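Chemist: I'd like to ask some things about the structure below.
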Amino acid sequence: MSDISNEYQGKATMEKITSLAKRRGFVFQSSEIYGGQNGAWDYGPLGIELKNRIARFWWKEMTQLHDEIVGLDAAILMHPRVWEASGHVENFTDPLVDCKKCKARFRADHIPPENLAQKKCPECGGELTDTRKFNMMFQTHIGAVEEKANIVYLRPETAQGIYVNYKNIIQSNRMKIPFGIAQIGKAFRNEIVTKNFIFRTCEFEQMEMQYFVKPGTDVEWFEEWRKRRWAYYEKLGIRMDHLRWHRHGKDELAHYARDAYDIEYLFPMGWQELEGVHNRSNYDLTRHSQFSGKDMQYIDQETNERYIPFIIETSAGLTRNLLMVLCDAYDEEKVADKGNEDDWRTVMRFHPQLAPITVAVLPLMKKDGLAEMAQDIRQELKEDFTTDYDQAGAIGRRYRRQDEAGTPFCVTVDYESKENNTVTLRFRDSMQQIRVNRAELAERLHREIKEFKPIA
Ligand code: GAP
């Protein structure tokens with residue numbers, strides 16, 4: 001990995017992100033009271049809101065805005081022959097070595113080549129085992145008896161659920177090539193090394209879209225989807241200088257891929273894959289045709305041509321996108337000069353479309369009817385926005401708490417509110433405050449969200 005200290009312009013570190021995520025209820029370690037479950041994480045109240053919003057944004061961009069892309073939610077458990085046909089039983093492996101002394105386990109391609117050659121543990125210097133292939137699919141059994149005949153796998157990618165339904169969808173929805181099928185769902189991989197928080201986990205979520213095209217048009221569609229996926233992140237409001245393309249070399253290509261590019265994001269730990277755009281050729285449908293004995297050809301109703309379509313895949317990690325959004329939004333800003341910790345604020349600069357809480361309503365005081373008025377206002381805003389209410393502590397502290405949760409707007413109810421039905425609207429990024437009529441508040445917030453511009 002390159003030395004990123006010069007290129008990484010963000011203020012986030014993985015330690016700060018992990019700690020804020022726990023403190024504010026974005027992400028908790030799974031089964032923490034039992035010492036934690038490796039490779040699994042739980043999404044708390046703010047985390048699930050953020051994850052749902054990222055998923056919704058992707059879903060709109062990939063289905064609602066395209067006439068020819070439809071959605072699917074396939075089962076996680078699939079017929080075991082699916083994974084033979086897809087090549088995962090044979091090829092979905094990582095090279096693994098163990099240290100005989102300290103029992104640490106490594107991916108052979110992730111340790112220095114000299115350690116591998118000398119069979120020397122990079123951590124304790126002990127002897128390493130020979131490299132062996134390790135299949136990353138989780139296995140379980142269907143039914144009461146654990147025998148080979150009833151093995152099923154937890155899907156390691158959502159894509160196969162789309163391929164086995166491709167004919168169903170053509171028939172039920174009268175799809176004509178080119179067309180796409182989109183899906184968001186859980187995937188599972190028995191990762192040897194899970195580190196960097198939610199970056200690489202055993203249980204995660206993917207947002208995948210498979211686009212079925214006529215052979216010979218695949219290179220053109222591949223380029224088109226690369227352009228669209230790049231534009232997507234621009235629209236999501238991600239810093240574009242933290243994104244780059246990485247083309248897979250021959251030795252990196254997955255067993256199904258004819259060509260592949262990753263979109264990489266500059267995380268605090270360095271450039272890492274965020275999403276893959278793959279030209280999967282007609283590999284998957286041809287194999288499913290061979291293994292199931294079913295005809296997977298597409299019949300063009302106008303020309304009567306028959307062919308197995310090529311597939312262009314866009315495959316993004318939802319949970320990895322969430323980590324990117326957290327890192328991208330994280331900021332620390334000096335806001336005063338009093339020589340104490342209140343001089344600084346931590347602020348999550350989420351796009352208002354993604355922020356887990358859109359607006360917090362805060363009474364300046366609990367007494368004199370201000371709390372009741374603030375509760376009423378919150379009630380009015382609930383239909384349109386996710387809201388929070390906070391009456392505990394000094395108003396400055398309450399603003400800081402909302403800044404750290406990434407709430408883009410705070411509405412403060414004060415004594416003037418009671419006199420003339422106006423409130424203070426405070427903007428998270430500029431900290432500017434303006435007075436707004438209560439009757440116009442919801443409309444004003446809608447406008448602010450639509451016209452939002454990140455600060456330079
Ligand atoms: N269907 C193709 C496919 O699954 P992939 O490159 O293996 O391709 C696609 O995975 C995306 O899924 C990755 O770019 C990443 O965002 C996410 N992903 C893969 N493995 C992951 C893991 N162990 N933890 C979290 N996200 C993962």
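Convention: chains lettered A, B, ... in structure tokens order; per-chain residue numbering from 1; ligands numbered from 1 as shown.
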DSSP on the backbone: what in stretch 126-278 of chain A comes out alpha helix (DSSP H), as number ranges by chain?
Modeler: A: 159-163, 166-173, 218-235
Chemist: Enumerate, in order of chain and increasing residue number, the residues of chain A with an atom no farther than 6 Å from ligand 1, each with its shortest atom pair and distance in Å to one decimal, counting only C-alpha atoms and all ligand atoms, as a tab-separated table.
Modeler:
residue	atom	partner	partner_atom_place_in_ligand_line	distance
A:Glu157	CA	ligand 1	4 (O)	4.7
A:Ala159	CA	ligand 1	1 (N)	5.1
A:Arg189	CA	ligand 1	23 (N)	5.9
A:Phe199	CA	ligand 1	25 (C)	5.3
A:Arg200	CA	ligand 1	24 (N)	3.5
A:Thr201	CA	ligand 1	24 (N)	4.0
A:Cys202	CA	ligand 1	23 (N)	5.4
A:Phe204	CA	ligand 1	25 (C)	5.1
A:Gln206	CA	ligand 1	12 (O)	5.5
A:Glu273	CA	ligand 1	14 (O)	5.4
A:Leu274	CA	ligand 1	16 (O)	4.4
A:Glu275	CA	ligand 1	14 (O)	3.5
A:Gly276	CA	ligand 1	14 (O)	5.0
A:Ser315	CA	ligand 1	9 (C)	4.7
A:Ala316	CA	ligand 1	11 (C)	4.5
A:Gly317	CA	ligand 1	16 (O)	3.3
A:Arg320	CA	ligand 1	16 (O)	5.3
Chemist: So, counting only C-alpha atoms, which residue among A:Gln353, A:Thr346, A:Asn196, A:Ser289 is closest to A:Ala405?
Modeler: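 Using only C-alpha atoms, A:Ala405 sits closest to A:Thr346.
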Chemist: What's the 8 Å shell around A:Phe106, counting only C-alpha atoms, without same-chain residues fewer than 2 positions away, as a count of residues only?
Modeler: 9
Chemist: Smallest atom-to-atom distance to A:Asp342: which of A:Arg400, A:Lys133, A:His141, A:Glu49, using only C-alpha atoms?
Modeler: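 For A:Asp342, the nearest of the given residues is A:Arg400.
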Chemist: Using only C-alpha atoms, which residues sit within 8 Å of A:Arg345 once same-chain residues fewer than 2 positions away are excluded, as number ranges by chain?
Modeler: A: 332-335, 342-343, 347, 400, 403-404
Chemist: Contacts of stretch 246-257 of chain A at 9 Å or less, counting only C-alpha atoms, minus same-chain residues fewer than 2 places along, as a short mmCIF file (atom, residue, chain, number, x, y, z; two decimals) with all heavy atoms, in the first residue's frame?
Modeler:
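Output file selection-v3.cif is given in full below:
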data_model
loop_
_atom_site.label_atom_id
_atom_site.label_comp_id
_atom_site.auth_asym_id
_atom_site.auth_seq_id
_atom_site.Cartn_x
_atom_site.Cartn_y
_atom_site.Cartn_z
N SER A 86 -21.64 -21.70 -11.07
CA SER A 86 -21.02 -20.36 -11.07
C SER A 86 -19.50 -20.43 -10.97
O SER A 86 -18.81 -19.44 -11.21
CB SER A 86 -21.56 -19.54 -9.89
OG SER A 86 -21.05 -20.10 -8.68
N GLY A 87 -18.98 -21.59 -10.57
CA GLY A 87 -17.52 -21.73 -10.42
C GLY A 87 -17.04 -21.44 -9.01
O GLY A 87 -15.85 -21.55 -8.71
N HIS A 88 -17.99 -21.09 -8.10
CA HIS A 88 -17.54 -20.73 -6.75
C HIS A 88 -17.04 -21.93 -5.95
O HIS A 88 -16.13 -21.80 -5.14
CB HIS A 88 -18.67 -20.03 -5.99
CG HIS A 88 -18.86 -18.60 -6.41
ND1 HIS A 88 -19.53 -18.23 -7.55
CD2 HIS A 88 -18.43 -17.44 -5.85
CE1 HIS A 88 -19.52 -16.92 -7.67
NE2 HIS A 88 -18.85 -16.41 -6.65
N ASN A 91 -13.53 -22.36 -7.56
CA ASN A 91 -12.57 -21.25 -7.69
C ASN A 91 -12.61 -20.17 -6.62
O ASN A 91 -11.74 -19.30 -6.59
CB ASN A 91 -12.79 -20.52 -9.02
CG ASN A 91 -12.52 -21.43 -10.19
OD1 ASN A 91 -11.53 -22.12 -10.22
ND2 ASN A 91 -13.45 -21.44 -11.15
N PHE A 92 -13.65 -20.17 -5.77
CA PHE A 92 -13.78 -19.03 -4.86
C PHE A 92 -12.94 -19.27 -3.62
O PHE A 92 -13.43 -19.51 -2.51
CB PHE A 92 -15.25 -18.82 -4.50
CG PHE A 92 -15.53 -17.46 -3.94
CD1 PHE A 92 -15.19 -16.31 -4.65
CD2 PHE A 92 -16.13 -17.29 -2.71
CE1 PHE A 92 -15.44 -15.05 -4.14
CE2 PHE A 92 -16.38 -16.04 -2.19
CZ PHE A 92 -16.03 -14.93 -2.91
N ARG A 244 -10.76 6.82 -7.65
CA ARG A 244 -9.95 6.57 -8.85
C ARG A 244 -10.33 5.19 -9.42
O ARG A 244 -10.96 4.37 -8.73
CB ARG A 244 -8.46 6.63 -8.54
CG ARG A 244 -7.96 5.42 -7.76
CD ARG A 244 -6.45 5.48 -7.53
NE ARG A 244 -5.99 4.25 -6.88
CZ ARG A 244 -4.79 4.08 -6.34
NH1 ARG A 244 -3.93 5.08 -6.34
NH2 ARG A 244 -4.45 2.93 -5.80
N ASP A 259 -13.21 -8.47 -18.51
CA ASP A 259 -12.56 -7.20 -18.22
C ASP A 259 -13.17 -6.67 -16.91
O ASP A 259 -14.34 -6.95 -16.63
CB ASP A 259 -12.81 -6.20 -19.35
CG ASP A 259 -11.82 -5.05 -19.36
OD1 ASP A 259 -10.98 -4.99 -18.43
OD2 ASP A 259 -11.87 -4.22 -20.29
N ALA A 260 -12.38 -5.96 -16.14
CA ALA A 260 -12.92 -5.48 -14.85
C ALA A 260 -12.16 -4.24 -14.39
O ALA A 260 -10.94 -4.15 -14.54
CB ALA A 260 -12.78 -6.58 -13.79
N TYR A 261 -12.92 -3.30 -13.87
CA TYR A 261 -12.35 -2.10 -13.23
C TYR A 261 -12.93 -1.99 -11.83
O TYR A 261 -14.13 -2.22 -11.64
CB TYR A 261 -12.76 -0.84 -13.98
CG TYR A 261 -11.95 -0.53 -15.21
CD1 TYR A 261 -12.24 -1.13 -16.42
CD2 TYR A 261 -10.92 0.40 -15.16
CE1 TYR A 261 -11.51 -0.82 -17.56
CE2 TYR A 261 -10.19 0.71 -16.29
CZ TYR A 261 -10.49 0.10 -17.49
OH TYR A 261 -9.77 0.42 -18.61
N ASP A 262 -12.11 -1.60 -10.90
CA ASP A 262 -12.62 -1.25 -9.57
C ASP A 262 -12.68 0.27 -9.47
O ASP A 262 -11.79 0.96 -9.99
CB ASP A 262 -11.65 -1.71 -8.46
CG ASP A 262 -11.63 -3.22 -8.32
OD1 ASP A 262 -12.61 -3.87 -8.73
OD2 ASP A 262 -10.61 -3.74 -7.80
N ILE A 263 -13.71 0.76 -8.79
CA ILE A 263 -13.66 2.15 -8.33
C ILE A 263 -13.05 2.06 -6.94
O ILE A 263 -13.57 1.33 -6.08
CB ILE A 263 -15.05 2.79 -8.29
CG1 ILE A 263 -15.65 2.84 -9.70
CG2 ILE A 263 -14.98 4.18 -7.67
CD1 ILE A 263 -17.05 3.44 -9.76
N GLU A 264 -11.95 2.77 -6.74
CA GLU A 264 -11.30 2.74 -5.43
C GLU A 264 -11.53 4.07 -4.71
O GLU A 264 -11.59 5.12 -5.35
CB GLU A 264 -9.79 2.51 -5.59
CG GLU A 264 -9.46 1.15 -6.16
CD GLU A 264 -7.95 0.88 -6.19
OE1 GLU A 264 -7.16 1.86 -6.26
OE2 GLU A 264 -7.56 -0.29 -6.15
N GLU A 273 -10.67 -0.95 -2.80
CA GLU A 273 -11.83 -1.18 -3.67
C GLU A 273 -13.14 -0.81 -2.98
O GLU A 273 -13.37 -1.17 -1.83
CB GLU A 273 -11.87 -2.66 -4.06
CG GLU A 273 -13.10 -3.04 -4.84
CD GLU A 273 -13.18 -4.54 -5.13
OE1 GLU A 273 -12.16 -5.25 -4.98
OE2 GLU A 273 -14.27 -4.99 -5.50
N HIS A 278 -17.80 -5.07 -14.00
CA HIS A 278 -17.24 -6.26 -14.64
C HIS A 278 -17.93 -6.57 -15.95
O HIS A 278 -19.16 -6.47 -16.03
CB HIS A 278 -17.40 -7.49 -13.73
CG HIS A 278 -16.93 -7.28 -12.32
ND1 HIS A 278 -17.68 -7.59 -11.22
CD2 HIS A 278 -15.77 -6.77 -11.84
CE1 HIS A 278 -17.01 -7.30 -10.12
NE2 HIS A 278 -15.85 -6.79 -10.46
N ASN A 279 -17.16 -6.98 -16.93
CA ASN A 279 -17.73 -7.59 -18.13
C ASN A 279 -17.65 -9.10 -17.90
O ASN A 279 -16.59 -9.69 -18.00
CB ASN A 279 -16.94 -7.17 -19.37
CG ASN A 279 -17.51 -7.78 -20.64
OD1 ASN A 279 -18.32 -8.71 -20.59
ND2 ASN A 279 -17.07 -7.27 -21.79
N ARG A 280 -18.80 -9.73 -17.56
CA ARG A 280 -18.79 -11.15 -17.19
C ARG A 280 -19.01 -12.05 -18.41
O ARG A 280 -19.22 -13.25 -18.25
CB ARG A 280 -19.85 -11.45 -16.13
CG ARG A 280 -19.55 -10.78 -14.78
CD ARG A 280 -20.58 -11.09 -13.71
NE ARG A 280 -20.49 -12.42 -13.16
CZ ARG A 280 -20.43 -12.74 -11.86
NH1 ARG A 280 -20.45 -11.79 -10.95
NH2 ARG A 280 -20.38 -13.98 -11.46
N SER A 281 -19.01 -11.45 -19.59
CA SER A 281 -19.25 -12.18 -20.86
C SER A 281 -20.54 -13.02 -20.72
O SER A 281 -21.45 -12.64 -20.00
CB SER A 281 -18.03 -13.02 -21.23
OG SER A 281 -17.89 -14.13 -20.36
N ASN A 282 -20.59 -14.17 -21.43
CA ASN A 282 -21.79 -15.02 -21.28
C ASN A 282 -21.49 -16.21 -20.37
O ASN A 282 -22.18 -17.22 -20.39
CB ASN A 282 -22.31 -15.48 -22.65
CG ASN A 282 -21.23 -16.26 -23.41
OD1 ASN A 282 -20.15 -16.53 -22.86
ND2 ASN A 282 -21.51 -16.61 -24.64
N TYR A 283 -20.42 -16.04 -19.56
CA TYR A 283 -19.95 -17.14 -18.71
C TYR A 283 -21.07 -17.71 -17.82
O TYR A 283 -21.35 -18.90 -17.84
CB TYR A 283 -18.78 -16.66 -17.84
CG TYR A 283 -18.33 -17.68 -16.82
CD1 TYR A 283 -17.39 -18.67 -17.16
CD2 TYR A 283 -18.83 -17.69 -15.52
CE1 TYR A 283 -17.01 -19.63 -16.23
CE2 TYR A 283 -18.44 -18.64 -14.60
CZ TYR A 283 -17.52 -19.61 -14.95
OH TYR A 283 -17.14 -20.55 -14.04
N ASP A 284 -21.72 -16.81 -17.04
CA ASP A 284 -22.66 -17.32 -16.03
C ASP A 284 -23.86 -18.01 -16.65
O ASP A 284 -24.25 -19.10 -16.23
CB ASP A 284 -23.11 -16.16 -15.13
CG ASP A 284 -21.94 -15.52 -14.41
OD1 ASP A 284 -21.55 -16.02 -13.35
OD2 ASP A 284 -21.41 -14.52 -14.93
#
Chemist: Which distance in Å separates atom CA of A:Arg378 and atom CA of A:Asp414, to one decimal?
Modeler: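 Calculated distance between atom CA of A:Arg378 and atom CA of A:Asp414 is 14.4 Å.
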Chemist: Using only C-alpha atoms, which protein or nucleic acid residues come within 12 Å of A:Lys22? Drop anything in the same chain fewer than 5 positions from it, and give the result as a ChimeraX atom specification.
Modeler: /A:15-17,27-30,32,41-47,197,405
Chemist: Using the chain letters and numbers from this document, which residues of stretch 149-310 of chain A does DSSP assign to strand (DSSP E), as an MDAnalysis selection string?
Modeler: chainID A and resid 151:153 179:188 203:213 243:247 259:267 270:279 298:299 306:307 310
Chemist: From the list A:Glu440, A:Glu223, A:Glu205, A:Glu127, which residue is nearest A:Ile377 when using only C-alpha atoms?
Modeler: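 That would be A:Glu440, the residue with the smallest distance to A:Ile377.
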Chemist: Which residues are near A:Gln391? Cut-off 9 Å, only C-alpha atoms, ignore same chain within fewer than 5 positions. Put them as a list in words.
Modeler: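 Counting only the stated atoms, we get Val361, Leu362, Pro363, Leu364, Met365, Lys366, Ala371 and Arg398 of chain A.
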Chemist: What's the separation between atom CA of A:Ile198 and atom CA of A:Thr319, in Å to one decimal place?
Modeler: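 Taking atom CA of A:Ile198 as the start and atom CA of A:Thr319 as the end point, the length is 6.9 Å.
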Chemist: I'd like to know which of A:Arg397, A:Glu7, A:Ile308, A:Met136 is closest to A:Lys294, using only C-alpha atoms.
Modeler: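 Between A:Arg397, A:Glu7, A:Ile308, A:Met136, the residue approaching A:Lys294 most closely is A:Ile308.
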Chemist: Nearest residue to A:Ile162 out of A:Gly125, A:Gly185, A:Gly339, A:Gly143, using only C-alpha atoms?
Modeler: A:Gly185
Chemist: From the set A:Met207, A:Met269, A:Ile184, A:Ile312, which residue has the shortest atom-to-atom contact distance to A:Glu220, counting only C-alpha atoms?
Modeler: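 Of the candidates, the smallest distance to A:Glu220 is held by A:Ile312.
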Chemist: Rounded to one decimal in Å, what is the spacing between atom CA of A:His79 and atom CA of A:Gly293?
Modeler: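 Distance reported for this atom pair: 14.4 Å.
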